Amino acid sequence: MSVAHNIYIHVPFCMAKCNYCAFYSLACKNPDWQKYADNICDELKFWADKLGKIDVPTVFFGGGTPSLMPINVFEQIMKVLREYFNLSENCEITLESNPGTLDRNKLADFVSNGINRLSVGVQSLNDDELLFLGRIHNVHQATDLLDAAGDMGLRVSADFIYGLPHQSEKSVADMCKNINELGLQHVSLYELTIEKNTPFGKMNLDMPNNETMAKMYMSISDVLNLPRYEVSNYAIAGQECRHNQNIWAGDAYIGIGRGGAGRVHMDNVWYDEMGGFERFEIIDDATRATEKILTGMRTIRGVKLDKDVRAQIDFDWVNRNKNLVVEKNNYLYATNQGLLVLDNLLLDLIK
């Protein structure tokens, strides 16, 4: 009997590429939505054939801009999900969305077809910053969408970006004060990173230095009215993103669509998979344990120290760096100081 699997469905289409975006997405005004829907449904049926009618605790539509999906396309995908999988009674079904692509009527249609959690790409509460980032919406459109989602009783999350060239510790703290006024129960705050082959990557931007970025990061937890539960995610207890939590904990999940990646458990063997048919390979025990460390250490709870995980950790290094990592109750987690240098920490932590 196969274990429960979370499902991630990638929707690659966007109105336009943002200046910072390095994800697999396609700026396309008139995509072939029916071809997309048929391909997604074929992949879902492929995995149902491989795994059986498994339990599914969470479904996450990410992108790209999933809120661009026509409702009939979303209905078709949800119908296949319900027919071929056992969606849990309290299944968390998240839709990523961008303001300017979703009005109240269309949101209500998504809700009537199963969405119970909305993730909104707000990114900034300043219109000039939104223009700089290459966003297609303004602040008013963003707050309208947040209000509409709240009125419909959805669990709501909003994404924001900090560390823009002109920002300071104070401006990030002020941004957090403005976010507090929105009354959100889940917020994601991501540091702006400059990736090659993006518009920002081709500009000579005067970015804040590492010390300033660190001060910005620490000011978020000082000012934001939500506790951090992962490096970039903040929520009141019970409002965390269950889909991400399951994946960070090392649970099984299927990645559907080009750009979707998964960690599948089949016939008592673990596999890495990319976009259903693109790549499918066995994970050895050491690789799987390393994946659990990489994702688990991003969380405030940390990584559970099961036997396979312990085998991949340099505990001599842990004992020498108790200012960066702490072992407690069979979990290993990063201190606040450790979170600031997490990428380098992981290189030293893993054998």
# chains A, B, ... in the order shown; residues from 1 in each chain; ligands from 1

$ residues_around --residues "region 181-191 of chain A" --least-positions-apart "5" --cutoff "7 Å" --atoms "only C-alpha atoms" --output "number ranges by chain"
A: 156-163, 232-236, 239-240

$ select_by_dssp --residues "region 125-304 of chain A" --states "strand (DSSP E)" --output "count of residues only"
42

$ closest_residue --among "A:Ile40, A:Ile115, A:Ile256, A:Met218" --to "Ile93 (chain A)" --atoms "only C-alpha atoms"
A:Ile115

$ atom_distance --atom1 "CA of Lys304 (chain A)" --atom2 "CA of Ile9 (chain A)"
27.3 Å

$ residues_around --residues "His10 (chain A)" --least-positions-apart "3" --cutoff "12 Å" --atoms "only C-alpha atoms" --output "number ranges by chain"
A: 7, 13-14, 23-26, 36-37, 39-40, 43, 59-67, 69, 77, 94-96, 254-262, 274-276

$ write_last_selection --atoms "N, CA, C and O atoms" --output "short mmCIF file (atom, residue, chain, number, x, y, z; two decimals), in the first residue's frame"
data_model
loop_
_atom_site.label_atom_id
_atom_site.label_comp_id
_atom_site.auth_asym_id
_atom_site.auth_seq_id
_atom_site.Cartn_x
_atom_site.Cartn_y
_atom_site.Cartn_z
N ILE A 7 0.42 16.77 -3.40
CA ILE A 7 0.51 17.00 -4.85
C ILE A 7 0.78 18.48 -5.13
O ILE A 7 0.06 19.36 -4.64
N PHE A 13 2.12 29.68 -16.80
CA PHE A 13 1.80 30.87 -17.58
C PHE A 13 1.70 32.13 -16.73
O PHE A 13 1.20 32.10 -15.61
N CYS A 14 2.17 33.25 -17.29
CA CYS A 14 2.12 34.55 -16.63
C CYS A 14 1.70 35.61 -17.64
O CYS A 14 1.88 35.43 -18.85
N PHE A 23 12.14 31.48 -12.03
CA PHE A 23 11.37 30.25 -12.05
C PHE A 23 10.99 29.89 -13.48
O PHE A 23 11.03 30.73 -14.39
N TYR A 24 10.60 28.62 -13.68
CA TYR A 24 10.11 28.22 -14.98
C TYR A 24 8.71 28.81 -15.16
O TYR A 24 7.74 28.37 -14.54
N SER A 25 8.63 29.84 -15.99
CA SER A 25 7.35 30.46 -16.30
C SER A 25 7.41 31.03 -17.70
O SER A 25 8.49 31.32 -18.23
N LEU A 26 6.24 31.20 -18.29
CA LEU A 26 6.13 31.62 -19.68
C LEU A 26 5.19 32.81 -19.77
O LEU A 26 4.03 32.72 -19.37
N TYR A 36 -2.90 22.27 -21.98
CA TYR A 36 -2.31 22.23 -20.65
C TYR A 36 -3.12 21.33 -19.72
O TYR A 36 -2.57 20.46 -19.04
N ALA A 37 -4.44 21.53 -19.69
CA ALA A 37 -5.30 20.75 -18.80
C ALA A 37 -5.21 19.26 -19.11
O ALA A 37 -5.11 18.42 -18.21
N ASN A 39 -2.73 17.64 -20.50
CA ASN A 39 -1.42 17.13 -20.08
C ASN A 39 -1.36 16.91 -18.57
O ASN A 39 -0.82 15.90 -18.10
N ILE A 40 -1.90 17.86 -17.81
CA ILE A 40 -1.90 17.74 -16.35
C ILE A 40 -2.74 16.53 -15.93
O ILE A 40 -2.33 15.72 -15.08
N GLU A 43 -0.91 13.30 -16.55
CA GLU A 43 0.11 13.04 -15.52
C GLU A 43 -0.52 12.54 -14.23
O GLU A 43 0.00 11.61 -13.60
N VAL A 59 -2.97 19.82 -1.74
CA VAL A 59 -2.74 20.09 -3.16
C VAL A 59 -2.33 21.56 -3.27
O VAL A 59 -2.97 22.43 -2.65
N PHE A 60 -1.28 21.82 -4.05
CA PHE A 60 -0.78 23.19 -4.17
C PHE A 60 -0.62 23.53 -5.65
O PHE A 60 0.15 22.89 -6.36
N PHE A 61 -1.38 24.53 -6.11
CA PHE A 61 -1.24 25.03 -7.48
C PHE A 61 -0.27 26.21 -7.45
O PHE A 61 -0.60 27.29 -6.94
N GLY A 62 0.94 26.00 -7.96
CA GLY A 62 1.96 27.04 -7.94
C GLY A 62 2.34 27.47 -9.34
O GLY A 62 1.94 26.86 -10.34
N GLY A 63 3.14 28.52 -9.43
CA GLY A 63 3.44 29.03 -10.76
C GLY A 63 4.73 29.81 -10.85
O GLY A 63 5.56 29.72 -9.95
N GLY A 64 4.78 30.60 -11.97
CA GLY A 64 3.70 31.02 -12.82
C GLY A 64 2.59 31.74 -12.08
O GLY A 64 2.72 32.21 -10.97
N THR A 65 1.44 31.82 -12.76
CA THR A 65 0.28 32.49 -12.19
C THR A 65 -0.94 31.60 -12.30
O THR A 65 -1.72 31.69 -13.27
N PRO A 66 -1.15 30.70 -11.33
CA PRO A 66 -2.30 29.79 -11.40
C PRO A 66 -3.65 30.49 -11.47
O PRO A 66 -4.61 29.92 -12.02
N SER A 67 -3.74 31.71 -10.93
CA SER A 67 -5.03 32.40 -10.95
C SER A 67 -5.44 32.83 -12.35
O SER A 67 -6.58 33.26 -12.56
N MET A 69 -5.72 30.62 -14.68
CA MET A 69 -6.45 29.46 -15.21
C MET A 69 -7.92 29.78 -15.44
O MET A 69 -8.59 30.28 -14.53
N ILE A 77 -9.26 19.69 -13.87
CA ILE A 77 -8.17 19.14 -13.06
C ILE A 77 -8.69 18.63 -11.72
O ILE A 77 -8.33 17.54 -11.27
N THR A 94 -4.36 24.89 -2.07
CA THR A 94 -3.84 26.25 -2.18
C THR A 94 -3.74 26.68 -3.63
O THR A 94 -3.32 25.90 -4.49
N LEU A 95 -4.12 27.91 -3.88
CA LEU A 95 -3.94 28.52 -5.20
C LEU A 95 -3.04 29.74 -5.06
O LEU A 95 -3.36 30.67 -4.31
N GLU A 96 -1.91 29.73 -5.77
CA GLU A 96 -1.11 30.96 -5.85
C GLU A 96 -1.78 31.92 -6.81
O GLU A 96 -2.36 31.50 -7.83
N ILE A 254 4.14 14.54 -5.10
CA ILE A 254 4.23 14.38 -6.55
C ILE A 254 4.28 15.75 -7.18
O ILE A 254 3.48 16.64 -6.85
N GLY A 255 5.21 15.95 -8.13
CA GLY A 255 5.28 17.19 -8.89
C GLY A 255 4.65 16.99 -10.26
O GLY A 255 5.09 16.15 -11.03
N ILE A 256 3.63 17.78 -10.55
CA ILE A 256 2.87 17.64 -11.79
C ILE A 256 3.13 18.85 -12.68
O ILE A 256 3.08 19.99 -12.22
N GLY A 257 3.36 18.60 -13.97
CA GLY A 257 3.58 19.68 -14.93
C GLY A 257 5.05 20.02 -15.09
O GLY A 257 5.87 19.76 -14.20
N ARG A 258 5.39 20.60 -16.24
CA ARG A 258 6.77 21.04 -16.46
C ARG A 258 7.13 22.09 -15.41
O ARG A 258 6.40 23.05 -15.19
N GLY A 259 8.27 21.90 -14.75
CA GLY A 259 8.67 22.78 -13.67
C GLY A 259 8.28 22.24 -12.31
O GLY A 259 8.71 22.78 -11.29
N GLY A 260 7.48 21.19 -12.26
CA GLY A 260 7.09 20.58 -11.00
C GLY A 260 8.04 19.44 -10.64
O GLY A 260 8.38 18.62 -11.48
N ALA A 261 8.48 19.41 -9.39
CA ALA A 261 9.38 18.34 -8.93
C ALA A 261 8.75 17.64 -7.74
O ALA A 261 7.96 18.23 -7.00
N GLY A 262 9.10 16.36 -7.56
CA GLY A 262 8.51 15.59 -6.48
C GLY A 262 9.49 14.64 -5.82
O GLY A 262 10.63 14.47 -6.26
N MET A 274 10.76 14.68 -11.77
CA MET A 274 10.65 16.03 -12.31
C MET A 274 9.60 16.02 -13.41
O MET A 274 9.75 15.33 -14.42
N GLY A 275 8.53 16.77 -13.17
CA GLY A 275 7.50 16.92 -14.19
C GLY A 275 6.94 15.63 -14.73
O GLY A 275 6.72 15.50 -15.93
N GLY A 276 6.73 14.65 -13.86
CA GLY A 276 6.05 13.43 -14.28
C GLY A 276 6.88 12.53 -15.17
O GLY A 276 7.38 11.50 -14.76
#

$ atom_distance --atom1 "CA of Asn329 (chain A)" --atom2 "CA of Arg298 (chain A)"
17.4 Å

$ residues_around --residues "Tyr217 (chain A)" --least-positions-apart "3" --cutoff "12 Å" --atoms "only C-alpha atoms" --output "PyMOL selection string"
chain A and resi 161-163+168-173+176+189-192+210-214+220-224+228+231-233+336-337+339-341

$ write_last_selection --atoms "N, CA and C atoms" --output "CSV table (one decimal), in the first residue's frame"
chain,number,residue,atom,x,y,z
A,161,ILE,N,8.6,41.0,-0.9
A,161,ILE,CA,10.1,41.0,-1.1
A,161,ILE,C,10.7,42.1,-0.4
A,162,TYR,N,11.9,41.9,0.2
A,162,TYR,CA,12.7,42.9,0.8
A,162,TYR,C,14.1,42.9,0.3
A,163,GLY,N,14.9,43.9,0.7
A,163,GLY,CA,16.3,43.9,0.3
A,163,GLY,C,16.4,44.6,-1.1
A,168,SER,N,16.5,50.1,3.5
A,168,SER,CA,17.4,50.1,4.7
A,168,SER,C,16.7,49.2,5.8
A,169,GLU,N,17.3,49.0,6.9
A,169,GLU,CA,16.7,48.3,8.0
A,169,GLU,C,15.4,49.0,8.4
A,170,LYS,N,15.4,50.3,8.5
A,170,LYS,CA,14.2,51.1,8.9
A,170,LYS,C,13.1,50.9,7.9
A,171,SER,N,13.4,51.0,6.6
A,171,SER,CA,12.3,50.8,5.6
A,171,SER,C,11.7,49.5,5.6
A,172,VAL,N,12.5,48.4,5.9
A,172,VAL,CA,11.9,47.1,6.0
A,172,VAL,C,11.1,47.0,7.3
A,173,ALA,N,11.5,47.6,8.4
A,173,ALA,CA,10.7,47.6,9.6
A,173,ALA,C,9.4,48.4,9.3
A,176,CYS,N,7.0,46.1,7.5
A,176,CYS,CA,6.4,45.2,8.4
A,176,CYS,C,5.3,45.8,9.2
A,189,LEU,N,8.2,36.4,3.5
A,189,LEU,CA,9.0,37.5,3.2
A,189,LEU,C,10.3,37.0,2.7
A,190,TYR,N,10.6,37.3,1.4
A,190,TYR,CA,11.8,36.8,0.7
A,190,TYR,C,12.8,37.8,0.4
A,191,GLU,N,14.0,37.6,0.7
A,191,GLU,CA,15.1,38.5,0.3
A,191,GLU,C,15.3,38.5,-1.2
A,192,LEU,N,15.4,39.7,-1.8
A,192,LEU,CA,15.6,39.8,-3.2
A,192,LEU,C,17.0,39.3,-3.6
A,210,ASN,N,25.8,42.6,2.8
A,210,ASN,CA,25.4,41.5,3.7
A,210,ASN,C,25.0,41.9,5.1
A,211,GLU,N,25.7,42.8,5.7
A,211,GLU,CA,25.4,43.3,7.0
A,211,GLU,C,24.1,43.9,7.1
A,212,THR,N,23.8,44.8,6.1
A,212,THR,CA,22.5,45.4,6.0
A,212,THR,C,21.4,44.4,5.8
A,213,MET,N,21.6,43.4,4.9
A,213,MET,CA,20.6,42.4,4.7
A,213,MET,C,20.3,41.6,6.0
A,214,ALA,N,21.4,41.3,6.7
A,214,ALA,CA,21.2,40.6,8.0
A,214,ALA,C,20.3,41.4,9.0
A,220,ILE,N,12.7,42.0,10.8
A,220,ILE,CA,11.3,41.4,10.4
A,220,ILE,C,10.7,40.7,11.6
A,221,SER,N,11.5,39.8,12.3
A,221,SER,CA,11.0,39.1,13.4
A,221,SER,C,10.8,40.0,14.6
A,222,ASP,N,11.5,41.1,14.7
A,222,ASP,CA,11.3,42.1,15.8
A,222,ASP,C,10.0,42.9,15.6
A,223,VAL,N,9.6,43.1,14.3
A,223,VAL,CA,8.5,44.1,14.1
A,223,VAL,C,7.2,43.3,13.7
A,224,LEU,N,7.3,42.3,12.9
A,224,LEU,CA,6.1,41.6,12.4
A,224,LEU,C,5.4,40.9,13.5
A,228,ARG,N,8.0,33.5,13.3
A,228,ARG,CA,8.7,32.8,12.2
A,228,ARG,C,8.6,31.3,12.4
A,231,VAL,N,12.5,29.8,7.5
A,231,VAL,CA,13.4,30.9,7.2
A,231,VAL,C,12.7,32.1,6.7
A,232,SER,N,11.7,31.9,5.8
A,232,SER,CA,11.1,33.1,5.1
A,232,SER,C,9.6,33.1,5.4
A,233,ASN,N,9.1,32.3,6.3
A,233,ASN,CA,7.6,32.2,6.5
A,233,ASN,C,7.2,32.4,8.0
A,336,ASN,N,19.1,31.7,15.8
A,336,ASN,CA,18.9,32.9,15.0
A,336,ASN,C,20.1,33.3,14.3
A,337,GLN,N,21.3,33.2,14.9
A,337,GLN,CA,22.5,33.5,14.3
A,337,GLN,C,22.8,32.5,13.1
A,339,LEU,N,20.5,30.9,11.3
A,339,LEU,CA,19.7,31.1,10.2
A,339,LEU,C,20.2,32.2,9.3
A,340,LEU,N,21.0,33.1,9.8
A,340,LEU,CA,21.6,34.2,9.0
A,340,LEU,C,22.6,33.6,8.0
A,341,VAL,N,23.2,32.5,8.4
A,341,VAL,CA,24.3,31.9,7.5
A,341,VAL,C,23.9,30.5,7.1

$ atom_distance --atom1 "CA of Met15 (chain A)" --atom2 "CA of Ala27 (chain A)"
5.4 Å

$ select_by_dssp --residues "region 12-55 of chain A" --states "alpha helix (DSSP H)" --output "PyMOL selection string"
chain A and resi 33-51

$ residues_around --residues "Phe132 (chain A)" --least-positions-apart "2" --cutoff "10 Å" --atoms "only C-alpha atoms" --output "MDAnalysis selection string"
chainID A and resid 18:20 127:130 134:135 164 200

$ write_last_selection --atoms "N, CA and C atoms" --output "short mmCIF file (atom, residue, chain, number, x, y, z; two decimals), in the first residue's frame"
data_model
loop_
_atom_site.label_atom_id
_atom_site.label_comp_id
_atom_site.auth_asym_id
_atom_site.auth_seq_id
_atom_site.Cartn_x
_atom_site.Cartn_y
_atom_site.Cartn_z
N CYS A 18 8.38 38.88 -14.24
CA CYS A 18 8.86 39.92 -13.33
C CYS A 18 10.38 40.07 -13.48
N ASN A 19 10.88 41.21 -13.08
CA ASN A 19 12.30 41.52 -13.29
C ASN A 19 13.25 40.61 -12.52
N TYR A 20 12.76 39.96 -11.47
CA TYR A 20 13.60 39.13 -10.61
C TYR A 20 13.39 37.64 -10.84
N ASP A 127 3.68 51.45 -4.61
CA ASP A 127 3.46 51.34 -6.05
C ASP A 127 4.75 51.52 -6.86
N ASP A 128 5.65 52.40 -6.39
CA ASP A 128 6.91 52.59 -7.11
C ASP A 128 7.76 51.33 -7.05
N GLU A 129 7.77 50.66 -5.90
CA GLU A 129 8.52 49.41 -5.78
C GLU A 129 7.92 48.32 -6.66
N LEU A 130 6.59 48.27 -6.74
CA LEU A 130 5.95 47.29 -7.61
C LEU A 130 6.35 47.51 -9.07
N GLY A 134 8.63 45.01 -11.64
CA GLY A 134 8.01 44.51 -12.86
C GLY A 134 6.66 43.88 -12.64
N ARG A 135 6.01 44.23 -11.54
CA ARG A 135 4.69 43.68 -11.26
C ARG A 135 3.63 44.39 -12.10
N LEU A 164 15.51 45.46 -1.48
CA LEU A 164 15.63 46.19 -2.73
C LEU A 164 16.80 47.18 -2.63
N PHE A 200 16.94 41.85 -13.85
CA PHE A 200 17.79 42.39 -12.78
C PHE A 200 19.22 41.90 -12.90
#

$ residues_around --residues "region 292-294 of chain A" --least-positions-apart "2" --cutoff "10 Å" --atoms "only C-alpha atoms" --output "number ranges by chain"
A: 247-251, 286-290, 296-299, 302-305, 308-310, 312-313, 332-333, 342-343, 346-347, 349-350

$ write_last_selection --atoms "N, CA, C and O atoms" --output "CSV table (one decimal), in the first residue's frame"
chain,number,residue,atom,x,y,z
A,247,ILE,N,6.4,18.8,3.1
A,247,ILE,CA,7.5,18.6,2.3
A,247,ILE,C,8.8,18.9,3.0
A,247,ILE,O,9.8,18.1,2.9
A,248,TRP,N,8.8,19.9,3.8
A,248,TRP,CA,10.1,20.2,4.6
A,248,TRP,C,10.4,19.1,5.6
A,248,TRP,O,11.5,18.8,5.9
A,249,ALA,N,9.3,18.4,6.1
A,249,ALA,CA,9.5,17.3,7.0
A,249,ALA,C,9.9,16.0,6.3
A,249,ALA,O,10.2,15.0,7.0
A,250,GLY,N,10.0,16.0,5.0
A,250,GLY,CA,10.4,14.8,4.2
A,250,GLY,C,9.3,13.9,3.7
A,250,GLY,O,9.6,12.8,3.3
A,251,ASP,N,8.0,14.4,3.8
A,251,ASP,CA,6.9,13.5,3.3
A,251,ASP,C,6.9,13.4,1.8
A,251,ASP,O,7.6,14.2,1.1
A,286,ALA,N,21.3,7.8,1.6
A,286,ALA,CA,22.1,9.0,2.0
A,286,ALA,C,21.6,10.3,1.4
A,286,ALA,O,21.5,11.3,2.0
A,287,THR,N,21.2,10.2,0.1
A,287,THR,CA,20.6,11.3,-0.6
A,287,THR,C,19.3,11.8,0.0
A,287,THR,O,19.1,13.0,0.2
A,288,ARG,N,18.5,10.8,0.3
A,288,ARG,CA,17.2,11.1,0.9
A,288,ARG,C,17.4,11.8,2.3
A,288,ARG,O,16.7,12.8,2.6
A,289,ALA,N,18.3,11.3,3.1
A,289,ALA,CA,18.6,11.9,4.4
A,289,ALA,C,19.1,13.3,4.2
A,289,ALA,O,18.7,14.2,5.0
A,290,THR,N,20.0,13.5,3.3
A,290,THR,CA,20.5,14.8,3.0
A,290,THR,C,19.4,15.8,2.6
A,290,THR,O,19.4,17.0,3.1
A,296,GLY,N,14.6,20.4,6.4
A,296,GLY,CA,14.2,20.5,7.8
A,296,GLY,C,14.9,21.6,8.5
A,296,GLY,O,14.3,22.3,9.4
A,297,MET,N,16.2,21.9,8.2
A,297,MET,CA,16.9,22.9,8.8
A,297,MET,C,16.5,24.3,8.5
A,297,MET,O,16.8,25.3,9.1
A,298,ARG,N,15.6,24.4,7.5
A,298,ARG,CA,15.0,25.7,7.1
A,298,ARG,C,14.0,26.1,8.1
A,298,ARG,O,13.6,27.3,8.2
A,299,THR,N,13.4,25.1,8.9
A,299,THR,CA,12.3,25.4,9.8
A,299,THR,C,12.8,25.7,11.2
A,299,THR,O,13.9,25.3,11.6
A,302,GLY,N,13.3,22.5,13.0
A,302,GLY,CA,14.5,21.8,12.7
A,302,GLY,C,14.3,20.4,12.0
A,302,GLY,O,13.1,20.1,11.7
A,303,VAL,N,15.3,19.6,11.9
A,303,VAL,CA,15.2,18.3,11.3
A,303,VAL,C,15.2,17.2,12.4
A,303,VAL,O,16.0,17.3,13.4
A,304,LYS,N,14.3,16.2,12.2
A,304,LYS,CA,14.2,15.1,13.2
A,304,LYS,C,15.4,14.2,13.0
A,304,LYS,O,15.8,13.9,11.9
A,305,LEU,N,16.1,13.9,14.1
A,305,LEU,CA,17.3,13.1,14.1
A,305,LEU,C,17.1,11.6,14.1
A,305,LEU,O,17.5,10.9,15.0
A,308,ASP,N,18.9,7.6,9.9
A,308,ASP,CA,19.5,7.9,8.6
A,308,ASP,C,20.0,9.4,8.5
A,308,ASP,O,21.0,9.7,7.9
A,309,VAL,N,19.3,10.3,9.2
A,309,VAL,CA,19.7,11.7,9.2
A,309,VAL,C,21.0,11.8,10.0
A,309,VAL,O,21.9,12.5,9.6
A,310,ARG,N,21.0,11.2,11.2
A,310,ARG,CA,22.2,11.3,12.1
A,310,ARG,C,23.5,10.8,11.3
A,310,ARG,O,24.6,11.4,11.5
A,312,GLN,N,24.3,11.4,8.4
A,312,GLN,CA,24.8,12.4,7.4
A,312,GLN,C,25.3,13.7,8.1
A,312,GLN,O,25.7,14.6,7.4
A,313,ILE,N,25.2,13.7,9.4
A,313,ILE,CA,25.6,15.0,10.1
A,313,ILE,C,26.9,14.8,10.8
A,313,ILE,O,27.3,13.8,11.4
A,332,LEU,N,17.4,18.7,15.5
A,332,LEU,CA,18.5,19.7,15.4
A,332,LEU,C,18.0,20.9,14.6
A,332,LEU,O,17.4,20.8,13.6
A,333,TYR,N,18.2,22.1,15.2
A,333,TYR,CA,17.7,23.3,14.6
A,333,TYR,C,18.8,24.4,14.6
A,333,TYR,O,19.7,24.4,15.5
A,342,LEU,N,22.7,30.2,6.9
A,342,LEU,CA,22.2,28.9,6.8
A,342,LEU,C,22.8,28.1,5.6
A,342,LEU,O,23.2,26.9,5.8
A,343,ASP,N,23.0,28.8,4.5
A,343,ASP,CA,23.5,28.1,3.3
A,343,ASP,C,25.0,27.6,3.6
A,343,ASP,O,25.3,26.4,3.3
A,346,LEU,N,25.0,24.7,6.3
A,346,LEU,CA,24.6,23.4,5.8
A,346,LEU,C,25.8,22.7,5.1
A,346,LEU,O,26.0,21.5,5.2
A,347,LEU,N,26.6,23.5,4.4
A,347,LEU,CA,27.8,22.9,3.8
A,347,LEU,C,28.8,22.3,4.9
A,347,LEU,O,29.4,21.2,4.6
A,349,LEU,N,27.7,21.4,8.0
A,349,LEU,CA,26.9,20.4,8.9
A,349,LEU,C,26.9,19.0,8.2
A,349,LEU,O,27.0,18.0,9.0
A,350,ILE,N,26.7,19.0,6.9
A,350,ILE,CA,26.5,17.7,6.3
A,350,ILE,C,27.8,17.1,5.9
A,350,ILE,O,28.7,17.8,5.3

$ closest_residue --among "A:Cys21, A:Ile136, A:Ala108, A:Leu324" --to "Asn197 (chain A)" --atoms "only C-alpha atoms"
A:Cys21

$ residues_around --residues "Ala4 (chain A)" --least-positions-apart "6" --cutoff "12 Å" --atoms "only C-alpha atoms" --output "VMD selection string"
chain A and resid 48 51 to 59 85 to 88 91 246 to 247 251 to 254 263 to 266

$ closest_residue --among "A:Asn116, A:Phe46, A:Pro70, A:Asn138" --to "Asn30 (chain A)" --atoms "only C-alpha atoms"
A:Pro70
